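protein.txt (compact mmCIF, C-alpha atoms)
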```txt
# COMPACT_ATOMS: atom_id res chain seq x y z
CA ASP A 23 100.67 88.51 101.08
CA SER A 24 98.60 85.37 101.60
CA MET A 25 98.39 86.08 105.33
CA ILE A 26 97.18 89.60 104.62
CA ALA A 27 94.65 88.22 102.12
CA GLN A 28 93.31 85.84 104.77
CA GLY A 29 93.08 88.63 107.33
CA VAL A 30 91.25 90.93 104.92
CA VAL A 31 88.75 88.30 103.80
CA ASP A 32 88.06 87.19 107.38
CA ALA A 33 87.38 90.79 108.41
CA LEU A 34 85.25 91.36 105.30
CA ASP A 35 83.17 88.25 105.96
CA ALA A 36 82.60 89.39 109.55
CA ALA A 37 81.57 92.85 108.30
CA CYS A 38 79.10 91.15 105.94
CA ASP A 39 77.54 89.15 108.80
CA LYS A 40 79.10 85.91 107.53
CA LYS A 41 77.07 86.02 104.31
CA LEU A 42 80.06 85.32 102.07
CA ASN A 43 81.13 81.90 100.86
CA VAL A 44 84.88 82.14 101.33
CA LEU A 45 87.19 79.76 99.49
CA PRO A 46 90.69 78.86 100.77
CA VAL A 47 93.42 81.40 100.05
CA GLN A 48 95.61 80.39 97.13
CA ARG A 49 99.11 80.83 98.49
CA LEU A 50 101.16 80.57 95.30
CA GLY A 51 101.08 83.42 92.83
CA CYS A 52 103.07 85.06 90.05
CA SER A 53 106.43 86.10 91.52
CA GLU A 54 108.91 85.83 88.68
CA HIS A 55 110.11 89.34 89.52
CA ASN A 56 111.08 88.10 93.00
CA MET A 57 113.07 85.05 91.94
CA SER A 58 116.36 86.77 92.77
CA LEU A 59 115.30 86.56 96.44
CA ASP A 60 116.17 83.22 98.03
CA GLY A 61 113.24 80.92 98.75
CA THR A 62 110.77 82.54 96.35
CA LEU A 63 108.19 80.26 94.73
CA THR A 64 106.32 81.30 91.61
CA LEU A 65 103.72 80.18 89.09
CA PRO A 66 103.64 81.15 85.41
CA HIS A 67 100.75 83.42 84.48
CA GLU A 68 99.19 80.59 82.47
CA VAL A 69 99.12 78.21 85.44
CA PHE A 70 97.77 80.85 87.82
CA GLU A 71 95.04 81.65 85.30
CA GLN A 72 94.16 77.98 84.87
CA VAL A 73 93.86 77.45 88.63
CA ALA A 74 91.57 80.47 88.99
CA MET A 75 89.41 79.43 86.05
CA GLN A 76 89.11 75.88 87.35
CA LEU A 77 87.98 77.10 90.76
CA ILE A 78 85.40 79.43 89.21
CA ASP A 79 84.18 76.56 87.04
CA ALA A 80 83.78 74.27 90.04
CA MET A 81 81.76 76.85 91.96
CA PHE A 82 79.73 77.74 88.86
CA ARG A 83 78.75 74.08 88.52
CA HIS A 84 77.62 74.18 92.15
CA GLY A 85 75.26 77.03 91.34
CA PHE A 86 77.25 80.14 92.22
CA ARG A 87 77.04 83.13 89.88
CA ARG A 88 78.73 85.98 91.76
CA PHE A 89 82.50 85.87 92.20
CA LEU A 90 84.87 88.34 93.83
CA ILE A 91 88.52 87.34 93.45
CA LEU A 92 90.43 89.23 96.13
CA ASN A 93 94.10 89.77 95.30
CA ALA A 94 96.86 90.74 97.72
CA HIS A 95 99.95 90.34 95.53
CA GLY A 96 101.21 92.86 93.00
CA GLY A 97 102.52 90.15 90.69
CA ASN A 98 99.00 88.82 90.13
CA ARG A 99 97.47 92.07 88.95
CA ALA A 100 98.23 91.79 85.24
CA VAL A 101 96.89 88.27 84.84
CA GLY A 102 93.94 89.15 87.07
CA GLY A 103 92.50 91.37 84.38
CA VAL A 104 92.85 88.53 81.87
CA ILE A 105 91.04 86.16 84.24
CA ALA A 106 88.13 88.58 84.67
CA GLU A 107 87.88 89.10 80.90
CA LYS A 108 88.02 85.40 80.01
CA ALA A 109 85.59 84.47 82.79
CA SER A 110 83.02 86.98 81.57
CA SER A 111 83.20 85.45 78.10
CA ARG A 112 83.06 81.84 79.29
CA TRP A 113 80.32 82.21 81.90
CA THR A 114 78.01 84.81 80.42
CA ASP A 115 75.37 84.47 83.15
CA ALA A 116 77.94 84.92 85.94
CA GLU A 117 79.69 88.04 87.25
CA VAL A 118 83.40 87.80 88.01
CA ILE A 119 85.28 90.70 89.58
CA PHE A 120 89.02 90.76 90.25
CA ALA A 121 90.07 93.32 92.87
CA THR A 122 93.43 94.06 94.47
CA TRP A 123 92.85 95.31 98.00
CA PHE A 124 95.40 98.13 98.05
CA GLN A 125 94.25 99.50 94.69
CA LEU A 126 90.58 99.30 95.55
CA ALA A 127 91.13 101.07 98.88
CA ALA A 128 93.78 103.47 97.56
CA GLU A 129 91.83 106.70 98.02
CA ARG A 130 90.76 105.68 101.52
CA ILE A 131 94.21 104.69 102.76
CA ARG A 132 96.37 107.22 100.91
CA PRO A 133 96.00 109.79 103.74
CA LEU A 134 97.54 107.24 106.13
CA VAL A 135 100.89 107.26 104.31
CA GLU A 136 103.52 109.00 106.46
CA GLY A 137 106.68 108.45 104.44
CA GLU A 138 107.77 110.04 101.20
CA PHE A 139 107.81 108.01 97.98
CA PRO A 140 108.52 105.15 97.91
CA SER A 141 106.89 104.36 101.25
CA VAL A 142 104.29 101.73 100.35
CA GLY A 143 105.28 98.93 98.02
CA HIS A 144 106.55 95.61 99.37
CA ALA A 145 107.14 94.69 103.03
CA CYS A 146 106.46 98.38 103.45
CA GLU A 147 104.77 100.92 105.72
CA PHE A 148 101.32 99.43 105.07
CA GLU A 149 102.01 95.71 104.66
CA THR A 150 104.21 95.65 107.77
CA SER A 151 101.53 97.55 109.70
CA VAL A 152 98.86 95.03 108.74
CA MET A 153 101.15 92.17 109.72
CA LEU A 154 101.79 93.85 113.08
CA LEU A 155 98.03 93.76 113.57
CA LEU A 156 97.37 90.24 112.29
CA HIS A 157 100.56 88.36 113.18
CA PRO A 158 102.73 90.45 115.53
CA ASP A 159 104.69 87.35 116.53
CA LEU A 160 106.08 87.14 112.98
CA VAL A 161 107.36 90.73 112.82
CA ASP A 162 110.70 91.82 114.28
CA MET A 163 110.72 95.60 114.00
CA SER A 164 114.36 95.75 115.14
CA LYS A 165 115.26 94.38 111.70
CA ALA A 166 113.06 96.76 109.70
CA GLU A 167 114.99 98.76 107.12
CA ASP A 168 113.65 101.30 104.67
CA ASP A 169 114.57 100.37 101.13
CA GLY A 170 113.56 100.87 97.52
CA LEU A 171 115.26 102.00 94.32
CA PRO A 172 112.51 103.34 92.04
CA PRO A 173 113.36 103.87 88.37
CA PRO A 174 114.47 107.44 87.60
CA GLN A 175 111.84 107.83 84.87
CA LYS A 176 108.66 109.25 86.42
CA GLN A 177 106.50 107.40 83.88
CA LEU A 178 107.69 104.08 85.31
CA GLN A 179 107.40 104.94 88.99
CA ASN A 180 104.65 103.20 90.95
CA ASP A 181 103.80 101.91 94.39
CA LEU A 182 100.91 100.09 96.09
CA LEU A 183 98.51 102.94 95.52
CA THR A 184 99.58 104.46 92.22
CA GLY A 185 100.27 102.69 88.94
CA GLY A 186 102.90 104.09 86.60
CA ALA A 187 101.89 105.82 83.37
CA ALA A 188 103.87 103.10 81.55
CA ALA A 189 104.82 99.57 82.56
CA LYS A 190 108.19 97.87 82.55
CA ALA A 191 109.02 94.56 84.21
CA ILE A 192 111.87 95.28 86.64
CA PRO A 193 113.41 92.44 88.70
CA PHE A 194 113.24 93.04 92.42
CA ASN A 195 117.00 92.84 92.89
CA VAL A 196 117.17 96.02 90.80
CA MET A 197 114.44 97.74 92.82
CA THR A 198 115.64 96.88 96.34
CA ARG A 199 118.83 96.13 98.21
CA LYS A 200 117.41 93.72 100.80
CA GLY A 201 113.86 92.87 99.69
CA ALA A 202 111.70 95.72 100.97
CA PHE A 203 110.31 98.49 98.78
CA GLY A 204 109.05 101.17 101.10
CA ARG A 205 109.39 102.37 104.68
CA PRO A 206 108.56 99.58 107.14
CA THR A 207 110.14 101.61 109.95
CA LEU A 208 106.98 103.74 109.91
CA ALA A 209 104.73 100.73 110.51
CA SER A 210 102.52 100.33 113.57
CA LYS A 211 99.73 98.10 114.77
CA GLU A 212 97.42 101.10 115.02
CA LYS A 213 98.09 102.00 111.39
CA GLY A 214 97.46 98.38 110.44
CA ARG A 215 94.03 98.56 112.07
CA ARG A 216 93.14 101.70 110.13
CA VAL A 217 94.39 100.23 106.84
CA LEU A 218 92.42 97.03 107.41
CA ASP A 219 89.24 98.87 108.41
CA GLU A 220 89.35 101.15 105.38
CA THR A 221 90.10 98.23 103.07
CA VAL A 222 87.16 96.23 104.40
CA ALA A 223 84.90 99.27 104.02
CA ALA A 224 86.00 99.67 100.39
CA LEU A 225 85.42 96.00 99.62
CA LYS A 226 82.03 95.95 101.29
CA GLN A 227 81.04 99.05 99.35
CA LEU A 228 82.09 97.32 96.13
CA ILE A 229 79.89 94.32 96.92
CA GLU A 230 76.93 96.51 97.86
CA ASP A 231 77.30 98.62 94.70
CA VAL A 232 77.65 95.68 92.31
CA TRP A 233 75.18 93.34 94.02
CA PRO A 234 72.68 95.50 95.95
CA GLY A 235 71.07 93.79 98.90
CA SER A 236 73.51 90.88 98.92
CA VAL A 237 75.17 91.74 102.25
```
The structure given in the file should be rewritten as C-alpha cells.
Amino acid sequence: DSMIAQGVVDALDAACDKKLNVLPVQRLGCSEHNMSLDGTLTLPHEVFEQVAMQLIDAMFRHGFRRFLILNAHGGNRAVGGVIAEKASSRWTDAEVIFATWFQLAAERIRPLVEGEFPSVGHACEFETSVMLLLHPDLVDMSKAEDDGLPPPQKQLQNDLLTGGAAAKAIPFNVMTRKGAFGRPTLASKEKGRRVLDETVAALKQLIEDVWPGSV
C-alpha cells in the first residue's frame, strides 16, 4: 500500500507541475485486521492519529494551511475521518482533507473492473495491476491466486470501491484463505496505467475544486 501511495503522489505531483509540497509516505498504518498474517505490523488508531496530527502541526507552524492526506490502506479509513474532524477543530484557519485514492476515484475506475465480486479488495485486480506498473520486479504473476470470502450478509459486503451498508470488523483470516481478497489473476500493467491515470485525474480535480487556482 505504501508503494502504491508513493506512486500515486509522485504521479499527482508531476500532473500538478511539481507545485505540491510532498511529505514522506508514512509506511505504518492500522492493520489489526491483518495480524493473523505473518509479518504484519500495525499501529493502534490512537497512535496513527497522533502521528498525523503531529505532522500537520509541524507544517502548520511552518506556515502551511492546506493539507491533503492521501490514504492507500483500507485500515486507515475509519480513523482518517476522525483526523479530519479533529484537525478542523484544532486549526480553524487551515483546511485538512483526508482522501482514500480508491474511494475518491471509484466512479472513474469502476468500469475497469473485469472480475465479478469480490474482484477488487486486497492484493487484488487493481492493486496488483498498479504494482505491475510501478514495481514489476516485485510481482510474480505465476503465484497469483484469486481469493476472498465475503460475508453472506449483503449489508456487510464491501470492496475497494463500495462500502457496505453496515460495518463489522472481520479478521482477514476469516475473509481470505491466503491473504488476497479479489482477483489478482486479472491484473495487468496496462490496467495499472489506466487505474493510476484515473486516480491522479480524480485527485487533481479534488485539489482544483477545493483550492481553485492552486495547481
- May I ask for the distance between CA of Phe82 (chain A) and CA of Val30 (chain A), given in Å to one decimal place? 23.8 Å
- Message: For a test of reading the model, state the distance in Å between CA of Asp32 (chain A) and CA of Ala145 (chain A), rounded to one decimal.
- Response: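 Separation between CA of Asp32 (chain A) and CA of Ala145 (chain A): 21.0 Å.
With distances restricted to only C-alpha atoms, A:Gly214 is the closest residue to Val152 (chain A) from A:Gly29, A:Gly214, A:Gly85, A:Pro234.
Near Thr184 (chain A), within a cut-off of 9 Å and counting only C-alpha atoms, sit the residues Gln125, Ala128, Gln179, Asn180 and Asp181 of chain A, with same-chain residues fewer than 3 positions away left out.
With distances taken over all atoms listed in the file, A:Ile131 is the one residue among A:Ile131, A:Ala94, A:Met57, A:Val73 lying closest to Thr221 (chain A).
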- Message: Env of Leu208 (chain A): 12 Å cut, atoms = all atoms listed in the file, seq-sep filter 5 positions within chain, self excluded. Answer as a list in words.
- Response: Leu134, Val135, Glu136, Gly137, Glu138, Ser141, Val142, Ala145, Cys146, Glu147, Phe148, Glu149, Thr150, Ser151, Val152, Leu154, Met163, Ala166, Glu167, Asp168, Lys213 and Gly214 of chain A
- Please indicate the distance in Å from CA of Glu129 (chain A) to CA of Ser24 (chain A), rounded to one decimal place.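 Spanning CA of Glu129 (chain A) to CA of Ser24 (chain A) is a straight-line distance of 22.7 Å.
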- Test item: residues at most 8 Å from Leu155 (chain A), only C-alpha atoms, excluding those fewer than 6 positions along its chain, as a ChimeraX atom specification: /A:210-212,214-215
The residues within 8 Å of (112.5, 89.5, 92.7), using only C-alpha atoms and the coordinates of the file, should be reported as a PDB file with C-alpha atoms, in the frame of the given file; which are they?
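As a result, point29.pdb now contains:
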```pdb
ATOM      1  CA  SER A  53     106.430  86.100  91.520  1.00  0.00           C
ATOM      2  CA  GLU A  54     108.910  85.830  88.680  1.00  0.00           C
ATOM      3  CA  HIS A  55     110.110  89.340  89.520  1.00  0.00           C
ATOM      4  CA  ASN A  56     111.080  88.100  93.000  1.00  0.00           C
ATOM      5  CA  MET A  57     113.070  85.050  91.940  1.00  0.00           C
ATOM      6  CA  SER A  58     116.360  86.770  92.770  1.00  0.00           C
ATOM      7  CA  LEU A  59     115.300  86.560  96.440  1.00  0.00           C
ATOM      8  CA  PRO A 193     113.410  92.440  88.700  1.00  0.00           C
ATOM      9  CA  PHE A 194     113.240  93.040  92.420  1.00  0.00           C
ATOM     10  CA  ASN A 195     117.000  92.840  92.890  1.00  0.00           C
ATOM     11  CA  GLY A 201     113.860  92.870  99.690  1.00  0.00           C
TER      12      GLY A 201
END
```
